[in-house]
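**Student:** Before we start, here is the structure in question, set down as structure tokens.
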Amino acid sequence: MTRLRDCFQSLEAAGRKAVIPYVVAGDPQRDTTVPLMHRLVEAGADVLEIGVPFSDPMSEGPVIQLGHERALANGISLRDVLAMVASFRERNQHTPVVVMGYANPVERMGYGAFADACAAAGVDGLITVDLPPEEVATLNTELKRVQLDNIFLISPTTPDVRISTITAEASGFIYYVAVKGVTGAGNLDADDVAQYLERIRRTTSLPVCVGFGIKDAASAASVANFADGVVVGSALIDTIAKAMASGADEAQATEQALALLHDIRSGVDGVASAA
Amino acid sequence: MTADINPELYASVPDQHGRFGQYGGKFVAETLMSALADLEQLYREMANDPDFQREFDTDLAHYVGRPSPLYEASRISDAIGGARIFLKREDLNHTGAHKVNNTIGQALLAKHMGKKRVIAETGAGQHGVASATVAARLGLECHVFMGAEDVKRQALNVYRMKLLGAKVIPVTSGSRTLKDAMNEALRDWVTYVDNTFYIIGTVAGPHPYPMLVRDFQSVIGREARQQSLAMTGRLPDALVACVGGGSNAIGLFHPFLADDSVAMYGVEAGGHGVETGEHAAPLSAGTPGVLHGNRTYLMQDDNGQILHTHSVSAGLDYPGVGPEHAWLKDIGRVNYVAANDDEALTAFHRWTRMEGIMPALETAHALAYAEKLAATMSPEQHIIVNLSGRGDKDILTVAAIDGIEL
């Protein structure tokens, strides 16, 4: 719980915004994720979002679906994901790590066992796409017991009355889904996002980060004007997958993704320093 | 059979959170939560609105052709020499299956919400056809998501949907069957939620779908109850229906739940045999989990990944089941059993040849079990089987299995 709070506090003090890359654990290979996590931090990531592969990723667009499929083909389970975070923590104790996934693997492990395993691995927060506030009470009790943040999604279709319900349950940060749709789809409208973030901020002092539709430095910069952070997932995963499909080796593919993240970092920082 | 049946118990589910005991609920992405709330509110109003109910009943009478007959299958019953088997002839409905009862109801809801576009998932294609049919009638744009594997094995229904003006989208992700079609339909809905009504075809998915699909399908059991009383002077001793998601089974069972003399059997797809792991029988061999918006029994591995399923019938080839069935299993009100591919195919042929009724392969699972059950009962006892759909759509599959090229 403290890592996310400390991270956003120090970013705010420095007048900077968070860059949050999302990768699927075990994609493209089982042993590439932990080195990639370190490289992402070196390239400017403030928080890492690690996807837990699921057989039925209902909110993902084609790019991240394929990431889940590759990870599952590599035999990656929720326990493996937590082991990767634990391995990452051997060399990095300060970068917050958030795991993002679907309810069923967590249900299967059991809420209590999952919370304990996350705490032991050094996970800081959890995003569960298909656990809205109505269904999350039991899990939240377990997460609070081990001081894990539960990060909720708020979408363009969330009415004000639900916004306050969600922000009352949330901790860590709020994740605003900038477009109606699946990950990697559509183009976000920065003015719409700005207006919506105002409605969220009326109900909470938590940082508000924006994801879905951040593809490059320009789209990241347009949102960093008023968000506390940007999440980028599909664009990174697509860069790696396309590079490897066109014959690049794993190291070259990673370099291309890191270059994209570096661009996004620059876009976000350009905004922050101009503000 | 449970000892004490409490009529109020069955009327009390789902609760206000959409739960049937520990099952059901609304496990979906935040973007869909408002759409579900809107649907629930509209449905609660419409369920008590006499005009809506009249419109629904009129469509069922004049467009679907209800009531569907209750037919005594004398020849097969005589041959077995056990309980008399009656068929609730949902195959005689317009479009050839029970699915249309629900799509008529949901299309009326879509109309009341002013939605111009409907989407549906389909396995065997019966729900897709029933959705395309009501969309054609109301002039709505219709997109049907269907696993690529099912597109292949249900080619006749695919073309029917196209003739009706629907766009059929083959889904190539995952196992390329019904569960993946439902994933893709949910992805479409989350993208076009403002103008789109999602017509879910079974008693699964997030609340309020399991409730409203059950309510629309319960016309089957209400009619069967009256018809049984009129024809035989009493209630049946047992009900049998196949269970994929479970809409035809709930439709038959629900109006009888408080009748403690009526035993109930839900027949899942045993595939190559439940013991082989290659089946689609989550109630027989699964564990509780969360998929497609509800908590229910699932076929899953130790890590919570959903397993591929197998059934000769596309409409039963699904790793989950409606949450009300999960609850009815746990409280012991309904017995859930399985029939294998081979048993279903044998029943398909026998009922076609001996009664002149060609059942859908889904339905053939129920018939296969009903034969076994009848043999353990006496000729004074009655079984009603939900003859949920007709088998024309399956003739290419059956011919291929029999090694015949058409």
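Labeling convention for the structure tokens: chains A, B, ... as they appear, residues from 1 per chain, ligands from 1 in order of appearance.
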Just the alpha helix (DSSP H) stuff from range 193-244 of chain B, please, per backbone DSSP, written as a list in words.

**Tutor:**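 Everything in range 193-244 of chain B that counts as alpha helix (DSSP H) is Tyr209, Pro210, Met211, Leu212, Val213, Arg214, Asp215, Phe216, Gln217, Val219, Ile220, Gly221, Arg222, Glu223, Ala224, Arg225, Gln226, Gln227, Ser228, Leu229, Ala230, Met231 and Thr232 of chain B.
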
**Student:** Residues at most 10 Å from Arg199 in chain A, counting only C-alpha atoms, excluding those fewer than 5 positions away in the same chain, as a list of chain:residue names?

**Tutor:**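 The residues that qualify are A:Pro159, A:Asp160, A:Ile163, A:Ser164, A:Ala194, A:Thr204.
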
**Student:** Quick one: residues within 6 Å of range 127-134 of chain A, only C-alpha atoms counted, chain neighbours fewer than 2 positions away excluded, as a PDB file with N, CA, C and O atoms, in the first residue's frame?

**Tutor:**
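Saved the output as result.pdb:
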```pdb
ATOM      1  N   MET A 100      -3.035  -7.319 -12.905  1.00  0.00           N
ATOM      2  CA  MET A 100      -4.334  -7.049 -13.518  1.00  0.00           C
ATOM      3  C   MET A 100      -4.833  -8.319 -14.196  1.00  0.00           C
ATOM      4  O   MET A 100      -4.093  -8.976 -14.920  1.00  0.00           O
ATOM      5  N   GLY A 101      -6.076  -8.656 -13.918  1.00  0.00           N
ATOM      6  CA  GLY A 101      -6.590  -9.871 -14.546  1.00  0.00           C
ATOM      7  C   GLY A 101      -8.076 -10.030 -14.320  1.00  0.00           C
ATOM      8  O   GLY A 101      -8.804  -9.060 -14.088  1.00  0.00           O
ATOM      9  N   TYR A 102      -8.493 -11.270 -14.385  1.00  0.00           N
ATOM     10  CA  TYR A 102      -9.907 -11.614 -14.311  1.00  0.00           C
ATOM     11  C   TYR A 102     -10.176 -12.396 -13.025  1.00  0.00           C
ATOM     12  O   TYR A 102      -9.255 -12.955 -12.405  1.00  0.00           O
ATOM     13  N   VAL A 136     -17.216  -7.276  -4.911  1.00  0.00           N
ATOM     14  CA  VAL A 136     -15.823  -7.300  -4.467  1.00  0.00           C
ATOM     15  C   VAL A 136     -15.655  -7.301  -2.946  1.00  0.00           C
ATOM     16  O   VAL A 136     -14.544  -7.423  -2.446  1.00  0.00           O
ATOM     17  N   ILE A 151      -7.569  -1.461  -7.068  1.00  0.00           N
ATOM     18  CA  ILE A 151      -7.669  -0.380  -8.043  1.00  0.00           C
ATOM     19  C   ILE A 151      -8.866  -0.662  -8.934  1.00  0.00           C
ATOM     20  O   ILE A 151      -8.946  -1.710  -9.569  1.00  0.00           O
TER      21      ILE A 151
ATOM     22  N   PHE B  27     -20.674 -10.122 -12.748  1.00  0.00           N
ATOM     23  CA  PHE B  27     -19.217 -10.065 -12.851  1.00  0.00           C
ATOM     24  C   PHE B  27     -18.819  -9.597 -14.249  1.00  0.00           C
ATOM     25  O   PHE B  27     -18.434 -10.389 -15.098  1.00  0.00           O
ATOM     26  N   VAL B  28     -18.973  -8.313 -14.478  1.00  0.00           N
ATOM     27  CA  VAL B  28     -18.631  -7.766 -15.800  1.00  0.00           C
ATOM     28  C   VAL B  28     -17.795  -6.505 -15.625  1.00  0.00           C
ATOM     29  O   VAL B  28     -17.685  -5.943 -14.529  1.00  0.00           O
ATOM     30  N   ALA B  29     -17.224  -6.055 -16.743  1.00  0.00           N
ATOM     31  CA  ALA B  29     -16.444  -4.824 -16.743  1.00  0.00           C
ATOM     32  C   ALA B  29     -17.343  -3.642 -16.400  1.00  0.00           C
ATOM     33  O   ALA B  29     -18.541  -3.637 -16.711  1.00  0.00           O
TER      34      ALA B  29
END
```

**Student:** If we count only C-alpha atoms, which residues of chain B reach to within 9 Å of chain A? Please list them as a PyMOL selection string.

**Tutor:** chain B and resi 17+25-35+173-174+179-180+182-184+186-194+288-293+301-307

**Student:** Run DSSP on the backbone and grab whatever in range 26-119 of chain B lands in strand (DSSP E); send it over as a count of residues only.

**Tutor:** 14

**Student:** As a list in words, please: the residues near Ala285 in chain B (cut-off 8 Å, only C-alpha atoms, same-chain neighbours under 4 positions excluded).

**Tutor:** Val274, Ala281 and Met299 of chain B

**Student:** How far is it from CA of Val219 in chain B to CA of Gly65 in chain B, in Å with one decimal?

**Tutor:**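 It comes out at 12.5 Å.
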
**Student:** Closest to Gln227 in chain B among B:Ala155, B:Met146, B:Leu138, B:Ile384, using only C-alpha atoms?

**Tutor:** B:Ile384

**Student:** Leaving out Arg30 in chain A and any residue of its chain fewer than 2 positions from it, which residues lie within 8 Å of it when counting only C-alpha atoms, given as a compact mmCIF listing (two decimals) with C-alpha atoms, in the first residue's frame?

**Tutor:**
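Saved to part-v4.txt:
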```
# COMPACT_ATOMS: atom_id res chain seq x y z
CA ALA A 25 3.24 -12.20 -17.64
CA GLY A 26 4.98 -14.94 -19.61
CA ASP A 27 4.53 -13.25 -23.00
CA PRO A 28 6.31 -13.80 -25.32
CA THR A 32 11.37 -12.80 -20.57
CA THR A 33 9.00 -11.07 -18.16
CA ALA A 71 1.36 -16.84 -22.10
CA ASN A 74 3.81 -21.15 -22.06
CA ILE A 76 1.75 -19.46 -17.06
```

**Student:** Using only C-alpha atoms, which of B:Ala400, B:Met264, B:Ala83, B:Val134 sits nearest Gly332 in chain B?

**Tutor:**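 So, comparing all the options, the nearest one is B:Met264.
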
**Student:** Tell me, in Å to one decimal, how far CA of Asp317 in chain B is from CA of Ile169 in chain B.

**Tutor:**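 That distance, rounded to one decimal, is 18.3 Å.
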
**Student:** Record the distance separating CA of Ala83 in chain A and CA of Ala121 in chain A, expressed in Å with one decimal.

**Tutor:**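 Result for CA of Ala83 in chain A versus CA of Ala121 in chain A: 6.6 Å, one decimal.
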
**Student:** Within 6 Å of range 87-98 of chain B, counting only C-alpha atoms, which residues qualify if same-chain residues fewer than 3 places away don't, as a CSV table (one decimal) with N, CA, C and O atoms, in the first residue's frame?

**Tutor:**
```
chain,number,residue,atom,x,y,z
B,64,VAL,N,-45.1,-17.2,-32.9
B,64,VAL,CA,-44.4,-18.4,-32.5
B,64,VAL,C,-45.3,-19.7,-32.8
B,64,VAL,O,-44.8,-20.7,-33.1
B,65,GLY,N,-46.6,-19.5,-32.5
B,65,GLY,CA,-47.5,-20.6,-32.7
B,65,GLY,C,-47.8,-21.4,-31.4
B,65,GLY,O,-48.0,-22.6,-31.4
B,68,SER,N,-47.4,-24.9,-27.6
B,68,SER,CA,-46.9,-26.0,-28.3
B,68,SER,C,-47.5,-27.3,-27.7
B,68,SER,O,-47.9,-27.3,-26.5
B,69,PRO,N,-47.8,-28.3,-28.6
B,69,PRO,CA,-48.5,-29.5,-28.1
B,69,PRO,C,-47.7,-30.3,-27.0
B,69,PRO,O,-46.5,-30.2,-27.0
B,70,LEU,N,-48.4,-31.0,-26.2
B,70,LEU,CA,-47.8,-32.1,-25.4
B,70,LEU,C,-48.2,-33.4,-26.1
B,70,LEU,O,-49.4,-33.7,-26.3
B,71,TYR,N,-47.3,-34.2,-26.5
B,71,TYR,CA,-47.5,-35.4,-27.3
B,71,TYR,C,-47.1,-36.6,-26.6
B,71,TYR,O,-45.9,-36.7,-26.1
B,101,ASN,N,-38.9,-18.2,-27.9
B,101,ASN,CA,-39.7,-17.6,-26.7
B,101,ASN,C,-38.9,-16.5,-26.1
B,101,ASN,O,-39.5,-15.4,-25.7
B,384,ILE,N,-42.3,-36.1,-18.7
B,384,ILE,CA,-42.3,-35.1,-19.8
B,384,ILE,C,-40.9,-34.7,-20.1
B,384,ILE,O,-40.1,-34.3,-19.3
B,385,VAL,N,-40.6,-34.9,-21.4
B,385,VAL,CA,-39.3,-34.5,-22.0
B,385,VAL,C,-39.5,-33.2,-22.8
B,385,VAL,O,-40.4,-33.1,-23.5
B,386,ASN,N,-38.6,-32.2,-22.5
B,386,ASN,CA,-38.7,-31.0,-23.3
B,386,ASN,C,-38.0,-31.3,-24.7
B,386,ASN,O,-36.8,-31.5,-24.8
B,387,LEU,N,-38.9,-31.4,-25.7
B,387,LEU,CA,-38.4,-31.7,-27.1
B,387,LEU,C,-38.0,-30.3,-27.6
B,387,LEU,O,-38.7,-29.7,-28.3
B,388,SER,N,-36.8,-29.8,-27.2
B,388,SER,CA,-36.4,-28.4,-27.2
B,388,SER,C,-36.2,-27.9,-28.7
B,388,SER,O,-36.3,-26.7,-28.9
B,389,GLY,N,-35.8,-28.8,-29.6
B,389,GLY,CA,-35.6,-28.3,-30.9
B,389,GLY,C,-35.6,-29.4,-31.9
B,389,GLY,O,-35.4,-30.6,-31.6
B,390,ARG,N,-35.8,-29.1,-33.2
B,390,ARG,CA,-35.8,-30.1,-34.2
B,390,ARG,C,-34.4,-30.3,-34.8
B,390,ARG,O,-33.6,-29.4,-34.7
```

**Student:** Set the distance at 10 Å and use only C-alpha atoms: which residues neighbour Ser12 in chain B once local chain neighbours fewer than 6 positions away are removed? I'd like the list as a list in words.

**Tutor:**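 Non-adjacent residues within range: Arg19, Phe20 and Gly21 of chain B.
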
**Student:** Can you write just those residues out, N, CA, C and O atoms, as a PDB file, in the first residue's frame?

**Tutor:**
```
ATOM      1  N   ARG B  19     -28.461 -12.908  -7.241  1.00  0.00           N
ATOM      2  CA  ARG B  19     -27.820 -14.147  -6.796  1.00  0.00           C
ATOM      3  C   ARG B  19     -28.848 -15.242  -6.528  1.00  0.00           C
ATOM      4  O   ARG B  19     -29.927 -15.002  -5.993  1.00  0.00           O
ATOM      5  N   PHE B  20     -28.444 -16.425  -6.903  1.00  0.00           N
ATOM      6  CA  PHE B  20     -29.167 -17.660  -6.580  1.00  0.00           C
ATOM      7  C   PHE B  20     -28.280 -18.368  -5.562  1.00  0.00           C
ATOM      8  O   PHE B  20     -27.313 -19.042  -5.953  1.00  0.00           O
ATOM      9  N   GLY B  21     -28.560 -18.151  -4.270  1.00  0.00           N
ATOM     10  CA  GLY B  21     -27.598 -18.634  -3.281  1.00  0.00           C
ATOM     11  C   GLY B  21     -26.267 -17.966  -3.531  1.00  0.00           C
ATOM     12  O   GLY B  21     -26.188 -16.742  -3.667  1.00  0.00           O
TER      13      GLY B  21
END
```

**Student:** Name the closest residue to Val97 in chain A among the candidates A:Lys215, A:Arg201, A:His38, A:His262; distances are taken between atoms, counting only C-alpha atoms.

**Tutor:**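 For Val97 in chain A, the nearest of the candidates is A:His38.
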
**Student:** Between B:Phe145, B:Phe197, B:Phe216, B:Tyr336, which one has atoms that come closest to Ala185 in chain B, using only C-alpha atoms?

**Tutor:**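 Between B:Phe145, B:Phe197, B:Phe216, B:Tyr336, the residue approaching Ala185 in chain B most closely is B:Phe145.
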